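Next comes start.cif, with mmCIF, C-alpha atoms and all ligand atoms.
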data_protein
#
loop_
_atom_site.label_atom_id
_atom_site.label_comp_id
_atom_site.auth_asym_id
_atom_site.auth_seq_id
_atom_site.Cartn_x
_atom_site.Cartn_y
_atom_site.Cartn_z
CA MET A 1 27.52 21.27 -12.39
CA GLN A 2 27.98 24.87 -11.21
CA VAL A 3 25.26 27.48 -11.70
CA LYS A 4 26.04 31.20 -11.36
CA LYS A 5 24.30 34.51 -11.82
CA TYR A 6 25.97 37.42 -13.69
CA VAL A 7 24.84 41.04 -14.04
CA GLY A 8 26.11 43.64 -16.52
CA GLU A 9 25.20 46.64 -18.63
CA ASN A 10 24.54 44.68 -21.81
CA ILE A 11 24.34 41.13 -23.06
CA GLN A 12 27.78 41.12 -24.72
CA ASP A 13 29.50 42.17 -21.48
CA VAL A 14 27.72 39.52 -19.50
CA ILE A 15 28.41 36.75 -22.02
CA TRP A 16 32.14 37.70 -21.87
CA LYS A 17 32.01 37.37 -18.09
CA VAL A 18 30.25 34.01 -18.33
CA LYS A 19 32.71 32.58 -20.84
CA GLY A 20 35.72 33.94 -18.94
CA ASP A 21 34.50 32.48 -15.66
CA LEU A 22 32.80 29.22 -16.61
CA GLY A 23 34.62 28.45 -19.84
CA PRO A 24 33.47 27.88 -23.43
CA ASP A 25 31.05 25.07 -22.53
CA ALA A 26 28.89 27.32 -20.35
CA VAL A 27 25.19 27.18 -21.16
CA ILE A 28 22.88 30.15 -20.57
CA ILE A 29 19.77 29.00 -18.75
CA HIS A 30 17.94 32.27 -18.00
CA THR A 31 18.14 35.97 -18.90
CA ARG A 32 16.19 39.03 -17.83
CA ARG A 33 16.42 42.80 -18.20
CA PHE A 34 15.75 45.01 -15.20
CA LYS A 35 16.33 48.52 -13.81
CA GLU A 36 18.92 48.83 -11.06
CA GLY A 37 18.08 51.37 -8.37
CA ALA A 38 14.65 52.09 -9.91
CA ILE A 39 11.77 53.31 -7.74
CA LEU A 40 9.08 50.62 -7.66
CA GLY A 41 11.25 48.63 -10.05
CA PHE A 42 10.76 50.82 -13.11
CA LEU A 43 11.00 54.58 -12.40
CA GLY A 44 14.48 55.84 -13.27
CA GLY A 45 17.39 53.49 -12.59
CA LYS A 46 19.96 51.95 -14.94
CA ASP A 47 19.27 49.23 -17.50
CA ARG A 48 20.88 45.97 -16.48
CA VAL A 49 20.97 42.44 -17.85
CA GLU A 50 21.01 39.38 -15.61
CA VAL A 51 22.16 36.01 -16.94
CA VAL A 52 22.10 32.69 -15.14
CA ALA A 53 24.58 30.22 -16.65
CA ALA A 54 25.68 26.67 -15.90
CA ALA A 55 28.82 24.65 -16.65
CA PRO A 56 30.24 21.31 -15.53
CA ASN A 57 32.54 21.37 -12.50
CA LYS A 58 36.24 21.11 -13.39
CA GLU A 59 36.63 17.98 -11.26
CA GLU A 60 33.71 16.42 -13.11
CA GLU A 61 35.62 16.53 -16.40
CA PRO A 62 37.44 13.21 -16.11
CA GLN A 63 34.12 11.55 -15.35
CA THR A 64 32.61 13.15 -18.46
CA ASN A 65 35.54 11.89 -20.54
CA SER A 66 35.08 8.36 -19.33
CA VAL A 67 31.43 8.50 -20.25
CA VAL A 68 32.28 9.87 -23.67
CA GLU A 69 34.82 7.08 -24.18
CA ALA A 70 32.18 4.54 -23.32
CA VAL A 71 29.71 5.69 -25.94
CA SER A 72 29.99 4.85 -29.58
CA GLU A 73 31.16 7.41 -32.11
CA LYS A 74 27.59 7.64 -33.47
CA HIS A 75 26.26 8.50 -30.03
CA TYR A 76 29.08 10.96 -29.50
CA ASN A 77 28.22 12.82 -32.70
CA SER A 78 24.55 12.89 -31.81
CA LEU A 79 25.38 14.30 -28.36
CA GLN A 80 27.60 16.94 -29.96
CA LYS A 81 24.75 17.97 -32.22
CA GLN A 82 22.30 18.17 -29.33
CA ILE A 83 24.70 20.40 -27.37
CA SER A 84 25.26 22.67 -30.34
CA ASP A 85 21.44 22.88 -30.96
CA LEU A 86 20.92 23.72 -27.30
CA LYS A 87 23.58 26.42 -27.45
CA SER A 88 22.07 28.07 -30.50
CA PHE A 89 18.61 27.86 -28.90
CA MET A 90 19.96 29.61 -25.80
CA GLN A 91 21.78 32.22 -27.91
CA ASN A 92 18.50 32.89 -29.66
CA ILE A 93 16.80 33.56 -26.31
CA VAL A 94 19.68 35.84 -25.27
CA SER A 95 19.28 37.89 -28.44
CA LYS A 96 15.53 38.34 -27.67
CA PRO A 97 15.46 39.03 -23.94
CA SER A 98 11.95 40.49 -23.96
CA SER A 99 10.55 37.10 -24.94
CA VAL A 100 11.60 35.58 -21.57
CA SER A 101 10.35 38.44 -19.44
CA LYS A 102 6.67 38.13 -18.50
CA PHE A 103 5.97 41.86 -18.67
CA SER A 104 7.45 45.01 -20.14
CA PRO A 105 9.67 46.88 -17.62
CA SER A 106 6.97 49.34 -16.48
CA VAL A 107 4.33 46.63 -16.01
CA GLU A 108 6.93 44.49 -14.21
CA GLY A 109 7.10 47.35 -11.67
CA ILE A 110 3.32 47.30 -11.19
CA TYR A 111 3.37 43.53 -10.79
CA SER A 112 6.06 43.74 -8.07
CA PHE A 113 4.11 46.47 -6.30
CA LEU A 114 0.92 44.36 -6.27
CA LEU A 115 2.87 41.41 -4.85
CA GLU A 116 4.48 43.64 -2.18
CA ASN A 117 0.95 44.65 -1.18
CA GLU A 118 0.06 41.01 -0.61
CA LEU A 119 -2.27 40.52 -3.54
CA ASP A 120 -2.70 36.87 -4.45
CA PRO A 121 0.18 36.21 -6.95
CA LEU A 122 -2.23 34.84 -9.54
CA LEU A 123 -4.45 37.93 -9.30
CA ALA A 124 -1.37 40.21 -9.44
CA GLU A 125 -0.26 38.40 -12.60
CA ASN A 126 -3.70 38.53 -14.23
CA LEU A 127 -4.11 42.24 -13.50
CA SER A 128 -0.64 42.96 -14.90
CA LEU A 129 -1.40 40.94 -18.03
CA MET A 130 -4.64 42.89 -18.49
CA ILE A 131 -2.73 46.18 -18.19
CA GLU A 132 -0.15 44.98 -20.71
CA LYS A 133 -2.79 43.77 -23.14
CA GLU A 134 -5.49 46.41 -22.87
CA LEU A 135 -3.58 49.68 -22.50
CA ALA A 136 -1.92 51.44 -25.40
CA PRO A 137 1.91 51.10 -25.22
CA GLY A 138 2.18 54.87 -24.73
CA ASP A 139 0.03 54.62 -21.58
CA LEU A 140 2.12 51.97 -19.85
CA ASN A 141 4.28 54.64 -18.20
CA LYS A 142 1.33 56.82 -17.17
CA ARG A 143 0.53 56.04 -13.56
CA ALA A 144 -2.81 57.85 -13.52
CA VAL A 145 -4.03 55.82 -16.51
CA ILE A 146 -2.91 52.54 -14.94
CA VAL A 147 -4.48 53.42 -11.58
CA GLY A 148 -7.79 54.33 -13.28
CA PHE A 149 -7.73 51.11 -15.29
CA LEU A 150 -7.04 48.95 -12.20
CA GLU A 151 -9.71 50.74 -10.19
CA ASN A 152 -12.28 49.97 -12.90
CA ILE A 153 -11.37 46.29 -13.03
CA LEU A 154 -11.49 45.92 -9.24
CA LYS A 155 -14.79 47.79 -9.06
CA THR A 156 -16.28 45.50 -11.68
CA PHE A 157 -15.32 42.35 -9.82
CA ILE A 158 -15.77 43.39 -6.19
CA GLN A 159 -19.36 43.92 -5.14
CA ILE A 160 -20.45 46.25 -2.37
CA GLY A 161 -23.51 44.93 -0.54
CA GLN A 162 -26.53 46.93 0.46
CA PRO A 163 -26.63 47.69 4.18
CA ILE A 164 -29.02 45.73 6.39
CA GLU A 165 -32.59 46.85 5.85
CA ALA A 166 -35.00 46.73 8.73
CA GLY A 167 -38.25 44.79 8.22
CA ASN A 168 -40.90 42.99 10.21
CA GLY A 169 -38.97 40.66 12.51
CA LYS A 170 -36.09 40.61 10.02
CA LEU A 171 -33.68 37.92 11.19
CA VAL A 172 -30.00 38.58 10.49
CA ALA A 173 -27.54 35.82 11.47
CA VAL A 174 -23.80 36.26 11.83
CA VAL A 175 -21.35 33.37 11.38
CA GLY A 176 -17.57 33.10 11.36
CA PRO A 177 -14.48 31.57 12.91
CA THR A 178 -13.72 32.29 16.58
CA GLY A 179 -11.88 35.47 17.46
CA VAL A 180 -12.56 37.42 14.24
CA GLY A 181 -14.69 39.98 16.08
CA LYS A 182 -18.16 38.53 15.47
CA THR A 183 -19.63 39.41 18.87
CA THR A 184 -18.10 42.91 18.89
CA THR A 185 -19.43 43.54 15.37
CA LEU A 186 -22.92 42.46 16.42
CA ALA A 187 -22.78 44.84 19.37
CA LYS A 188 -21.77 47.65 16.97
CA LEU A 189 -24.57 46.84 14.49
CA THR A 190 -27.17 46.52 17.24
CA ALA A 191 -26.11 49.85 18.73
CA TYR A 192 -26.08 51.55 15.31
CA PHE A 193 -29.60 50.45 14.38
CA SER A 194 -30.98 51.14 17.82
CA LEU A 195 -29.28 54.48 18.56
CA MET A 196 -28.67 56.01 15.12
CA GLU A 197 -31.59 54.61 13.11
CA SER A 198 -34.06 54.45 16.04
CA LYS A 199 -35.04 50.88 15.13
CA ASN A 200 -36.55 48.36 17.47
CA VAL A 201 -33.83 45.76 17.78
CA ALA A 202 -33.34 42.51 19.69
CA LEU A 203 -30.34 40.25 19.97
CA ILE A 204 -30.40 36.48 20.36
CA THR A 205 -27.17 34.66 21.04
CA ALA A 206 -26.64 30.97 20.50
CA ASP A 207 -22.91 31.50 21.17
CA THR A 208 -23.37 30.13 24.66
CA TYR A 209 -20.02 28.26 24.74
CA ARG A 210 -18.41 31.51 25.74
CA ILE A 211 -19.97 32.76 28.94
CA ALA A 212 -17.94 35.96 28.69
CA ALA A 213 -19.41 36.72 25.25
CA VAL A 214 -22.97 36.29 26.55
CA GLU A 215 -22.24 38.54 29.53
CA GLN A 216 -20.60 41.10 27.23
CA LEU A 217 -23.69 41.25 25.00
CA LYS A 218 -26.05 41.43 27.98
CA THR A 219 -24.07 44.37 29.36
CA TYR A 220 -24.24 46.18 26.00
CA GLY A 221 -27.97 45.35 25.86
CA GLU A 222 -28.58 46.86 29.28
CA ILE A 223 -26.70 50.05 28.39
CA MET A 224 -28.64 50.45 25.12
CA GLY A 225 -31.98 49.22 26.42
CA ILE A 226 -32.04 46.32 23.95
CA PRO A 227 -33.31 42.85 24.88
CA VAL A 228 -30.54 40.24 24.70
CA GLU A 229 -31.47 36.59 25.03
CA ALA A 230 -29.13 33.62 25.31
CA VAL A 231 -30.65 30.40 23.93
CA TYR A 232 -29.38 26.92 24.81
CA THR A 233 -31.84 24.64 22.94
CA PRO A 234 -33.67 24.74 19.57
CA GLU A 235 -36.96 25.23 21.47
CA GLU A 236 -35.60 28.28 23.30
CA LEU A 237 -34.44 29.66 19.97
CA ASP A 238 -37.87 29.15 18.33
CA ASN A 239 -39.54 30.83 21.30
CA ALA A 240 -37.17 33.79 21.17
CA ILE A 241 -37.76 34.29 17.42
CA ILE A 242 -41.55 34.27 17.99
CA LYS A 243 -41.14 36.62 20.96
CA TYR A 244 -39.28 39.22 18.90
CA GLN A 245 -41.18 38.91 15.63
CA ASP A 246 -42.55 42.45 15.97
CA LYS A 247 -39.03 43.95 16.18
CA ASP A 248 -37.55 45.75 13.15
CA ILE A 249 -34.38 43.65 13.24
CA VAL A 250 -33.42 40.59 15.26
CA PHE A 251 -29.70 39.81 15.24
CA LEU A 252 -28.63 36.22 15.82
CA ASP A 253 -25.11 35.43 17.05
CA THR A 254 -23.86 31.90 16.39
CA ALA A 255 -20.99 30.04 18.03
CA GLY A 256 -17.62 30.65 16.39
CA ARG A 257 -16.78 27.68 14.17
CA SER A 258 -13.47 26.33 13.06
CA GLN A 259 -13.37 25.79 9.32
CA LYS A 260 -11.24 22.71 10.02
CA ASN A 261 -13.93 21.02 12.10
CA ALA A 262 -16.38 19.31 9.74
CA GLN A 263 -18.72 18.28 12.57
CA GLN A 264 -19.03 21.88 13.85
CA MET A 265 -19.72 23.11 10.32
CA GLY A 266 -22.38 20.41 9.87
CA GLU A 267 -24.07 21.48 13.13
CA LEU A 268 -24.04 25.13 12.08
CA LYS A 269 -25.55 24.23 8.71
CA SER A 270 -28.45 22.26 10.28
CA PHE A 271 -28.96 25.04 12.84
CA LEU A 272 -29.29 27.69 10.12
CA GLN A 273 -31.46 25.47 7.90
CA ALA A 274 -33.90 25.16 10.82
CA VAL A 275 -33.88 28.88 11.68
CA LYS A 276 -33.98 30.20 8.07
CA PRO A 277 -32.55 33.69 8.68
CA ASP A 278 -33.41 36.39 6.13
CA GLU A 279 -29.72 37.17 5.73
CA ILE A 280 -26.50 35.44 6.80
CA TYR A 281 -23.27 37.44 7.16
CA LEU A 282 -19.86 35.78 7.25
CA VAL A 283 -17.44 37.75 9.44
CA LEU A 284 -13.78 37.61 8.38
CA SER A 285 -10.70 39.36 9.74
CA ALA A 286 -8.48 41.50 7.50
CA THR A 287 -5.48 40.18 9.45
CA THR A 288 -5.97 36.62 8.13
CA LYS A 289 -3.69 35.41 5.33
CA TYR A 290 -5.24 35.07 1.86
CA LYS A 291 -4.90 31.27 1.73
CA ASP A 292 -6.51 30.90 5.17
CA LEU A 293 -9.33 33.25 4.13
CA MET A 294 -9.95 31.03 1.09
CA ASN A 295 -10.10 27.92 3.30
CA ILE A 296 -12.51 29.62 5.70
CA VAL A 297 -14.78 30.73 2.86
CA GLU A 298 -14.71 27.27 1.31
CA SER A 299 -15.92 25.71 4.58
CA PHE A 300 -18.53 28.37 5.33
CA ASN A 301 -19.88 28.12 1.76
CA GLN A 302 -21.90 25.14 2.96
CA VAL A 303 -24.01 27.44 5.16
CA ASN A 304 -24.79 29.51 2.09
CA PHE A 305 -23.96 32.92 3.55
CA ASP A 306 -25.16 36.00 1.63
CA LYS A 307 -22.63 38.74 2.39
CA VAL A 308 -19.35 39.43 4.14
CA ILE A 309 -18.21 41.75 6.92
CA PHE A 310 -14.46 42.41 7.22
CA THR A 311 -13.13 43.27 10.70
CA LYS A 312 -9.82 44.62 12.03
CA LEU A 313 -8.91 46.73 9.00
CA ASP A 314 -7.16 49.01 11.51
CA GLU A 315 -4.67 46.25 12.25
CA THR A 316 -3.21 46.02 8.76
CA ASN A 317 -1.75 48.50 6.27
CA SER A 318 -2.19 46.26 3.31
CA TYR A 319 -5.62 45.19 2.16
CA GLY A 320 -4.17 42.89 -0.52
CA ALA A 321 -5.56 39.72 1.06
CA VAL A 322 -9.00 41.33 1.55
CA ILE A 323 -9.11 42.55 -2.08
CA SER A 324 -7.93 39.17 -3.43
CA LEU A 325 -10.54 37.31 -1.41
CA LEU A 326 -13.40 39.58 -2.43
CA TYR A 327 -12.27 39.40 -6.07
CA GLN A 328 -12.51 35.59 -5.94
CA LEU A 329 -15.59 35.37 -3.77
CA LYS A 330 -18.16 37.12 -5.94
CA LYS A 331 -20.33 37.82 -2.89
CA PRO A 332 -20.80 41.37 -1.64
CA VAL A 333 -19.09 42.98 1.33
CA SER A 334 -21.38 45.24 3.37
CA TYR A 335 -19.47 46.48 6.41
CA LEU A 336 -15.90 47.11 7.50
CA THR A 337 -14.81 47.43 11.12
CA VAL A 338 -11.83 49.53 12.08
CA GLY A 339 -11.31 49.22 15.84
CA GLN A 340 -12.55 47.85 19.12
CA ASN A 341 -14.87 50.73 20.05
CA VAL A 342 -18.57 49.94 20.24
CA PRO A 343 -20.48 51.44 18.47
CA ASP A 344 -18.19 53.82 16.55
CA ASP A 345 -15.69 51.59 14.75
CA ILE A 346 -17.89 50.26 11.96
CA LYS A 347 -18.48 51.66 8.45
CA ARG A 348 -20.46 50.82 5.36
CA ALA A 349 -18.11 49.12 2.93
CA SER A 350 -17.06 51.14 -0.13
CA HIS A 351 -14.70 50.67 -3.05
CA GLU A 352 -12.88 53.87 -2.04
CA GLU A 353 -12.13 52.53 1.44
CA LEU A 354 -11.02 49.15 0.13
CA PHE A 355 -8.77 50.34 -2.71
CA SER A 356 -7.51 53.73 -1.57
CA SER A 357 -4.34 52.57 0.16
CA LEU A 358 -3.36 50.28 -2.74
CA LEU A 359 -4.10 52.81 -5.48
CA LYS A 360 -2.52 55.72 -3.60
CA GLY A 361 0.69 53.70 -3.23
CA LEU A 362 0.63 53.00 -6.96
CA ASN A 363 0.06 56.64 -7.84
CA ARG A 364 3.02 57.87 -5.79
P1 LIG A 401 -15.58 36.58 18.22
O1 LIG A 401 -14.91 35.41 18.88
O2 LIG A 401 -15.55 36.45 16.75
O3 LIG A 401 -16.97 36.83 18.75
O4 LIG A 401 -14.67 37.84 18.55
P2 LIG A 401 -14.88 39.02 19.60
O5 LIG A 401 -15.99 39.91 19.21
O6 LIG A 401 -14.91 38.44 20.97
O7 LIG A 401 -13.51 39.84 19.37
C1 LIG A 401 -12.23 39.27 19.53
C2 LIG A 401 -11.24 40.42 19.76
O8 LIG A 401 -11.14 41.20 18.57
C3 LIG A 401 -11.66 41.38 20.87
O9 LIG A 401 -10.50 41.75 21.58
C4 LIG A 401 -12.23 42.56 20.11
O10 LIG A 401 -12.12 43.79 20.83
C5 LIG A 401 -11.33 42.57 18.89
N1 LIG A 401 -11.92 43.26 17.74
C6 LIG A 401 -13.16 43.12 17.22
N2 LIG A 401 -13.31 43.93 16.14
C7 LIG A 401 -12.15 44.61 15.99
C8 LIG A 401 -11.68 45.59 15.04
O11 LIG A 401 -12.36 46.03 14.11
N3 LIG A 401 -10.40 46.04 15.21
C9 LIG A 401 -9.60 45.58 16.24
N4 LIG A 401 -8.38 46.07 16.33
N5 LIG A 401 -10.01 44.66 17.12
C10 LIG A 401 -11.28 44.17 17.00
#

Could you spell out this file's structure in structure tokens?
Ligand code: GDP
Amino acid sequence: MQVKKYVGENIQDVIWKVKGDLGPDAVIIHTRRFKEGAILGFLGGKDRVEVVAAAPNKEEEPQTNSVVEAVSEKHYNSLQKQISDLKSFMQNIVSKPSSVSKFSPSVEGIYSFLLENELDPLLAENLSLMIEKELAPGDLNKRAVIVGFLENILKTFIQIGQPIEAGNGKLVAVVGPTGVGKTTTLAKLTAYFSLMESKNVALITADTYRIAAVEQLKTYGEIMGIPVEAVYTPEELDNAIIKYQDKDIVFLDTAGRSQKNAQQMGELKSFLQAVKPDEIYLVLSATTKYKDLMNIVESFNQVNFDKVIFTKLDETNSYGAVISLLYQLKKPVSYLTVGQNVPDDIKRASHEELFSSLLKGLNR
């Protein structure tokens, strides 16, 4: 069997090419219309038709004949009928090309753009279907209308969390995989609340596997005049929490956990159940692939985190994975970090910040 792809200006032209090349027994297996040379797949460009067709190899013919000879005349006639039914079915599809295309040409362009920006394919498809279904046909070519519509959907599904509120001995724990920027983010938050909001802050770290991280936090603490305490046992932790109960906020750093290590996750869960923080933040990196983010979230769900902080937004141009994750997660995102500088490179999360690059690209 040989399978080939043909492109032409209209269906008739392409069918001629198919028949001329593959012979009269060629069967059309797929057709689609598209714009050649179009910007974003739909602006301008020339209408083209693509047909994928299949036909038996020439050298396979004798084999086919011998099979045909072997079957009874009744079977032969039934096979002939099936082939002719299949051909008319395929011709029917060819005469209605829009029925095989998932979206109209302009929405197809949006769909491709969303995929290029690393949105989860299922989310890209659902958003495109919503555009196709909900907007008036006359609006499907109006970029501003589409951008506004998408922005509203994303805003509805993606929640922005309230910032951390200081309270009497408020205990805020931070969890996450290793290397996402957990410790750096804690240093930024501690500095922000201490220096900018003039709050009384303390920092407890149970991330004592990494001596360098403890030293790093102690150095920041010294510079900012904030107490930083490393705890190695549950008793030390209890004592530290009691010691700092009159502070406005006590931040608690936990050891970075691999989502693939069930034992580590179990330990973290029991640790947090014993400590009962007022809020638990899961720290995730914007440079992680969508599927890996989903796996991380699935594992950390067992510690029942409240909100999310996304780090390293400065290291990626496309927030598609971040948007897809937050869309699925249905838990709020409170902070975004955009660089290594303590304390400057942290911001309150906002829809504008999260969507602007995607929507600007779409509006171009
Ligand atoms: P942890 O293992 O999760 O505690 O991660 P660290 O806080 O030790 O950070 C790991 C690396 O990521 C360090 O080199 C940080 O400087 C870097 N990092 C943290 N936050 C950001 C950020 O927002 N942007 C960039 N580019 N790097 C960051």

Using only C-alpha atoms and all ligand atoms, which protein or nucleic acid residues are at most 10 Å from ligand LIG 401 (chain A), as number ranges by chain?
-> A: 174-188, 207, 210, 212-214, 216-217, 253-257, 283-287, 310-316, 336-342, 345-346

Can you tell me how far atom CA of A:Ile204 sits from atom CA of A:Ala240, in Å to one decimal?
-> 7.3 Å

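Residues in contact range of A:Phe305, defined as at most 8 Å between all atoms listed in the file, with sequence neighbours fewer than 6 positions away removed, read Glu279, Ile280, Tyr281 and Leu282 of chain A.
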
Test item: residues at most 10 Å from A:Leu354, all atoms listed in the file, excluding those fewer than 3 positions along its chain, as a VMD selection string = chain A and resid 154 158 313 318 to 320 322 to 323 336 349 to 351 357 to 359

Any idea what the distance is between atom CA of A:Val250 and atom CA of A:Met196?
->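 A separation of 16.1 Å between them.
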
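We find atom CA of A:Gln259 and atom CA of A:Leu237 to be spaced 23.9 Å apart.
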
Selection near A:Ile146, 10 Å with all atoms listed in the file, sequence-local residues under 3 positions removed, as a ChimeraX atom specification = /A:107,110,128,131-132,135,139-143,149-152,359,362-363

Distance criterion (all atoms listed in the file): nearest to A:Ile249 out of A:Ile15, A:Ala191, A:Ile296, A:Leu203 |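 Among the listed residues, the smallest separation from A:Ile249 belongs to A:Leu203.
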
Select, from A:Ala206, A:Lys269, A:Glu222, A:Asn200, the residue with the minimum atom-to-atom distance to A:Asp238, counting all atoms listed in the file.
->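 Nearest to A:Asp238: A:Ala206.
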
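The nearest approach to A:Phe113 among the residues A:Leu272, A:Leu127, A:Ala166, A:Ala136, with only C-alpha atoms taken into account, belongs to A:Leu127.
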
Which one is closest to A:Pro332: A:Ser356, A:Asn261, A:Asn117, A:Gln159? Count only C-alpha atoms.
-> A:Gln159

Skipping near chain neighbours, those fewer than 6 positions away, what residues fall within 6 Å of stretch 16-27 of chain A using all atoms listed in the file, listed as number ranges by chain?
-> A: 53-55

Determine, counting all atoms listed in the file, which protein, DNA and RNA residues have an atom within 12 Å of an atom of A:Gln328; residues of the same chain fewer than 6 positions away are not included. Present the result as an NGL selection string.
-> :A and (119-120 or 122-123 or 154 or 157-159 or 290-291 or 293-294 or 297-298 or 321-322)

Please give the centre and size of the box around stretch 120-123 of chain A (axis-aligned, containing every atom listed in the file, 8 Å added per side), with values in Å to one decimal and written as AutoDock Vina command-line options.
--center_x -2.1 --center_y 36.4 --center_z -7.0 --size_x 20.6 --size_y 19.1 --size_z 21.1

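For the choices A:Lys307, A:Lys330, A:Lys360, A:Lys4, the atom-to-atom distance to A:Val52 is smallest for A:Lys4 when using all atoms listed in the file.
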
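You can rank A:Val49, A:Leu325, A:Ala262, A:Leu195 by their closest distance to A:Asp292 using all atoms listed in the file, and at the top of that list sits A:Leu325.
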